[in-house]
Amino acid sequence: MIPSRHLLPGLVLATACSGGTVSPTDKDDTDDTDTTIDTIDTFPLVDTSDPVDTDVVDTDIVDTDPVQPTSCSRPPEPGLTYVCDLSVNGASAFVRAAQPGKPLVLDVQQTAANPQGQFIGAQARGNRAIAGFHGYTMLDLDDLGTISFDGDQEIGNLPVEIEIVVDLGCDSSSFGLIKVAGSAFLGTTVVDGHTRFSASAGQPVWTAVGGIEDPGSPGTWLLDPTNGSLSTPKSLNLLRAAYPSACVRNFQLSSLSGNLDSYAALPRTRVVSGILLTLGTATSTLNPGQWKIYRVQINDDVHLPPP
């Protein structure tokens, strides 16, 4: 079994995040026994000038595999079996045991209009597959090394992206959502017939949704906004220096006060895993996509399909 420091940092709170305190409103641990699957999710960056969704359903793309119940508890060991499905609307993320290789399948369907209010961005109606790795809560950001995944694109042109929920003080008071966009990976390799995408903390591949400013120099970005017109991916070095207590965190981000636009494409009613693989956007119901993921490595932990 992998040492608890890597897979279950939340069980060694004193060493992983010394000095951090969890506020009474922290819903991190109360959702660990959640065995339901969210079937609806939404995002705020919607063009409200077009209130009518004219999406047309493509009936040729049909997912006939049943959605499996998913427990978003901290897993006992590494494995794709324990992925938390946080997907929204016409999307899913779960292991397809009936398929060769038993891959984790990130699937985004083309659908008609969805109800609003399921993403943190209340107006969004898109379809987004979100696979959560729930076992890394309270992991010091300084201890984050490399994340990689091996997979094959089966449908569409949507990229798989990495997102990480960062508690900047490891005290539930201030958060950021950092990511590696699909275009930011620095090359790929082929391993066992699948394409491997890899991103390390020291590589200039990271941005932040909404950006993260330098607390000592307002207006200076530690990480540029992901969708900024002049956005330049950076390493995590500046962020880690400015926030030495920062940690990865499972958290219900909709419980925070203030502007939540940075978390708009995440599910409203769930505790979100600290490390995520995502496919699709919260603004589109027209763009289908599917990836099969056969291996995910986070630091020393190798997550494989069930035997």
# chains A, B, ... in the order shown; residues from 1 in each chain; ligands from 1
call {"tool": "select_by_dssp", "arguments": {"residues": "segment 97-282 of chain A", "states": "alpha helix (DSSP H)", "output": "list in words"}}
result
Asn237, Leu238, Leu239, Arg240, Ala241 and Ala242 of chain A
call {"tool": "residues_around", "arguments": {"residues": "Asn299 of chain A", "least_positions_apart": "5", "cutoff": "8 Å", "atoms": "only C-alpha atoms", "output": "count of residues only"}}
result
5
call {"tool": "closest_atom_pairs", "arguments": {"of": "segment 233-298 of chain A", "to": "segment 197-207 of chain A", "cutoff": "7 Å", "atoms": "only C-alpha atoms", "output": "CSV"}}
result
residue,atom,partner,partner_atom,distance
A:Pro233,CA,A:Val205,CA,4.8
A:Lys234,CA,A:Pro204,CA,3.8
A:Ser235,CA,A:Pro204,CA,4.2
A:Leu236,CA,A:Ala201,CA,5.4
A:Asn237,CA,A:Gly202,CA,6.6
call {"tool": "write_last_selection", "arguments": {"atoms": "C-alpha atoms", "output": "PDB file, in the first residue's frame"}}
result
ATOM      1  CA  PRO A 233       1.599  29.849 -18.208  1.00  0.00           C
ATOM      2  CA  LYS A 234       4.123  29.758 -15.365  1.00  0.00           C
ATOM      3  CA  SER A 235       5.566  27.301 -12.900  1.00  0.00           C
ATOM      4  CA  LEU A 236       4.165  27.096  -9.366  1.00  0.00           C
ATOM      5  CA  ASN A 237       7.360  28.520  -7.865  1.00  0.00           C
TER       6      ASN A 237
END
call {"tool": "closest_residue", "arguments": {"among": "A:Asp214, A:Asp85, A:Asp301, A:Asp224", "to": "Phe149 of chain A", "atoms": "only C-alpha atoms"}}
result
A:Asp301
call {"tool": "residues_around", "arguments": {"residues": "Ser92 of chain A", "least_positions_apart": "4", "cutoff": "8 Å", "atoms": "only C-alpha atoms", "output": "list of chain:residue names"}}
result
A:Val67, A:Asp85, A:Leu86, A:Ser87, A:Val88, A:Val105, A:Leu106, A:Asp107, A:Val108, A:Arg128, A:Ala129, A:Ile130
call {"tool": "select_by_dssp", "arguments": {"residues": "segment 142-255 of chain A", "states": "strand (DSSP E or B)", "output": "ChimeraX atom specification"}}
result
/A:146-155,160-167,175-180,188-191,194-200,206-208,212-214,217-223,225,234,247-248,251
call {"tool": "write_last_selection", "arguments": {"atoms": "N, CA and C atoms", "output": "compact mmCIF listing (two decimals), in the first residue's frame"}}
result
# COMPACT_ATOMS: atom_id res chain seq x y z
N THR A 146 4.65 15.84 -9.81
CA THR A 146 4.20 15.66 -11.19
C THR A 146 2.87 14.93 -11.24
N ILE A 147 2.02 15.36 -12.14
CA ILE A 147 0.77 14.67 -12.43
C ILE A 147 0.80 14.28 -13.91
N SER A 148 0.46 13.03 -14.19
CA SER A 148 0.42 12.58 -15.58
C SER A 148 -0.78 11.67 -15.79
N PHE A 149 -1.23 11.61 -17.03
CA PHE A 149 -2.29 10.65 -17.36
C PHE A 149 -2.05 10.10 -18.76
N ASP A 150 -2.41 8.81 -18.93
CA ASP A 150 -2.29 8.13 -20.21
C ASP A 150 -3.69 7.88 -20.75
N GLY A 151 -3.94 8.31 -21.98
CA GLY A 151 -5.28 8.13 -22.50
C GLY A 151 -5.37 8.23 -24.01
N ASP A 152 -6.58 7.96 -24.50
CA ASP A 152 -6.88 8.04 -25.92
C ASP A 152 -8.14 8.87 -26.13
N GLN A 153 -8.09 9.76 -27.10
CA GLN A 153 -9.27 10.54 -27.45
C GLN A 153 -10.12 9.71 -28.41
N GLU A 154 -11.38 9.47 -28.03
CA GLU A 154 -12.27 8.63 -28.81
C GLU A 154 -13.27 9.42 -29.63
N ILE A 155 -13.75 10.53 -29.12
CA ILE A 155 -14.78 11.33 -29.78
C ILE A 155 -14.44 12.80 -29.63
N VAL A 160 -8.46 16.94 -22.39
CA VAL A 160 -8.50 16.68 -20.95
C VAL A 160 -7.59 17.70 -20.27
N GLU A 161 -8.06 18.29 -19.18
CA GLU A 161 -7.28 19.29 -18.47
C GLU A 161 -7.15 18.91 -16.99
N ILE A 162 -6.11 19.39 -16.36
CA ILE A 162 -5.87 19.18 -14.93
C ILE A 162 -6.28 20.44 -14.18
N GLU A 163 -7.04 20.27 -13.11
CA GLU A 163 -7.38 21.39 -12.24
C GLU A 163 -7.10 20.99 -10.79
N ILE A 164 -6.64 21.96 -9.99
CA ILE A 164 -6.33 21.70 -8.58
C ILE A 164 -6.93 22.81 -7.73
N VAL A 165 -7.69 22.41 -6.73
CA VAL A 165 -8.24 23.36 -5.76
C VAL A 165 -7.16 23.63 -4.71
N VAL A 166 -6.75 24.89 -4.59
CA VAL A 166 -5.68 25.26 -3.67
C VAL A 166 -6.23 26.15 -2.55
N ASP A 167 -6.07 25.70 -1.33
CA ASP A 167 -6.39 26.50 -0.15
C ASP A 167 -5.12 27.29 0.17
N PHE A 175 -9.08 30.76 -1.47
CA PHE A 175 -8.85 29.65 -2.38
C PHE A 175 -8.46 30.14 -3.77
N GLY A 176 -7.86 29.25 -4.53
CA GLY A 176 -7.58 29.47 -5.94
C GLY A 176 -7.79 28.17 -6.70
N LEU A 177 -8.09 28.27 -7.98
CA LEU A 177 -8.24 27.09 -8.83
C LEU A 177 -7.18 27.18 -9.92
N ILE A 178 -6.16 26.35 -9.81
CA ILE A 178 -5.07 26.37 -10.77
C ILE A 178 -5.26 25.23 -11.77
N LYS A 179 -4.70 25.40 -12.97
CA LYS A 179 -4.97 24.38 -13.98
C LYS A 179 -3.85 24.31 -15.01
N VAL A 180 -3.84 23.17 -15.69
CA VAL A 180 -3.03 23.00 -16.90
C VAL A 180 -4.02 22.83 -18.04
N THR A 188 4.13 15.37 -25.58
CA THR A 188 3.57 14.11 -25.11
C THR A 188 4.49 12.97 -25.51
N THR A 189 4.26 11.82 -24.91
CA THR A 189 4.96 10.59 -25.28
C THR A 189 3.92 9.48 -25.43
N VAL A 190 4.29 8.42 -26.10
CA VAL A 190 3.41 7.26 -26.24
C VAL A 190 3.94 6.14 -25.35
N VAL A 191 3.09 5.66 -24.44
CA VAL A 191 3.47 4.61 -23.50
C VAL A 191 2.41 3.52 -23.56
N HIS A 194 -0.71 4.30 -25.55
CA HIS A 194 -1.56 5.43 -25.17
C HIS A 194 -0.70 6.69 -25.07
N THR A 195 -1.33 7.84 -25.24
CA THR A 195 -0.61 9.11 -25.17
C THR A 195 -0.51 9.56 -23.72
N ARG A 196 0.70 9.88 -23.29
CA ARG A 196 0.93 10.34 -21.91
C ARG A 196 1.12 11.85 -21.89
N PHE A 197 0.30 12.51 -21.08
CA PHE A 197 0.40 13.94 -20.84
C PHE A 197 0.92 14.12 -19.42
N SER A 198 1.90 15.02 -19.26
CA SER A 198 2.53 15.17 -17.96
C SER A 198 2.76 16.64 -17.65
N ALA A 199 2.57 16.99 -16.37
CA ALA A 199 2.81 18.36 -15.93
C ALA A 199 3.42 18.33 -14.54
N SER A 200 4.52 19.02 -14.36
CA SER A 200 5.16 19.09 -13.05
C SER A 200 5.03 20.51 -12.49
N TRP A 206 1.23 26.30 -15.91
CA TRP A 206 0.12 26.55 -15.00
C TRP A 206 -0.45 27.96 -15.16
N THR A 207 -1.77 28.04 -15.12
CA THR A 207 -2.48 29.31 -14.99
C THR A 207 -3.47 29.13 -13.85
N ALA A 208 -4.24 30.17 -13.56
CA ALA A 208 -5.28 30.09 -12.53
C ALA A 208 -6.57 30.66 -13.10
N ILE A 212 -4.30 34.57 -9.96
CA ILE A 212 -3.96 34.72 -8.55
C ILE A 212 -2.91 35.82 -8.44
N GLU A 213 -3.25 36.89 -7.71
CA GLU A 213 -2.35 38.04 -7.58
C GLU A 213 -1.33 37.83 -6.46
N ASP A 214 -0.23 38.55 -6.58
CA ASP A 214 0.80 38.59 -5.53
C ASP A 214 0.24 39.42 -4.37
N SER A 217 2.08 42.62 -3.94
CA SER A 217 2.17 43.53 -5.08
C SER A 217 0.89 43.42 -5.90
N PRO A 218 -0.20 44.03 -5.44
CA PRO A 218 -1.47 43.94 -6.16
C PRO A 218 -1.32 44.36 -7.62
N GLY A 219 -1.96 43.61 -8.48
CA GLY A 219 -1.85 43.86 -9.92
C GLY A 219 -0.78 43.03 -10.59
N THR A 220 0.05 42.34 -9.77
CA THR A 220 1.07 41.44 -10.31
C THR A 220 0.58 40.01 -10.16
N TRP A 221 0.59 39.26 -11.26
CA TRP A 221 0.06 37.91 -11.22
C TRP A 221 1.12 36.91 -10.79
N LEU A 222 0.81 36.13 -9.77
CA LEU A 222 1.61 34.94 -9.47
C LEU A 222 1.34 33.87 -10.51
N LEU A 223 0.05 33.73 -10.88
CA LEU A 223 -0.37 32.90 -11.99
C LEU A 223 -1.36 33.71 -12.82
N PRO A 225 -4.40 34.77 -15.40
CA PRO A 225 -5.74 34.22 -15.65
C PRO A 225 -5.73 33.26 -16.82
N LYS A 234 2.93 29.67 -16.20
CA LYS A 234 4.12 29.76 -15.37
C LYS A 234 4.27 28.49 -14.54
N CYS A 247 -2.14 24.48 0.43
CA CYS A 247 -2.32 23.04 0.32
C CYS A 247 -3.44 22.72 -0.66
N VAL A 248 -3.40 21.51 -1.17
CA VAL A 248 -4.49 20.98 -1.99
C VAL A 248 -5.66 20.71 -1.05
N PHE A 251 -13.15 20.64 -1.04
CA PHE A 251 -13.94 21.70 -0.41
C PHE A 251 -15.21 21.96 -1.21
call {"tool": "closest_residue", "arguments": {"among": "A:Phe119, A:Val95, A:Asp143, A:Thr269", "to": "Asp300 of chain A", "atoms": "only C-alpha atoms"}}
result
A:Asp143
call {"tool": "closest_residue", "arguments": {"among": "A:Gln118, A:Thr81, A:Thr285, A:Asn157", "to": "Leu304 of chain A", "atoms": "only C-alpha atoms"}}
result
A:Thr81
call {"tool": "closest_residue", "arguments": {"among": "A:Ala93, A:Cys170, A:Ala112, A:Leu158", "to": "Gly182 of chain A", "atoms": "only C-alpha atoms"}}
result
A:Leu158
call {"tool": "atom_distance", "arguments": {"atom1": "atom CA of Trp291 of chain A", "atom2": "atom CA of Pro307 of chain A"}}
result
20.1 Å
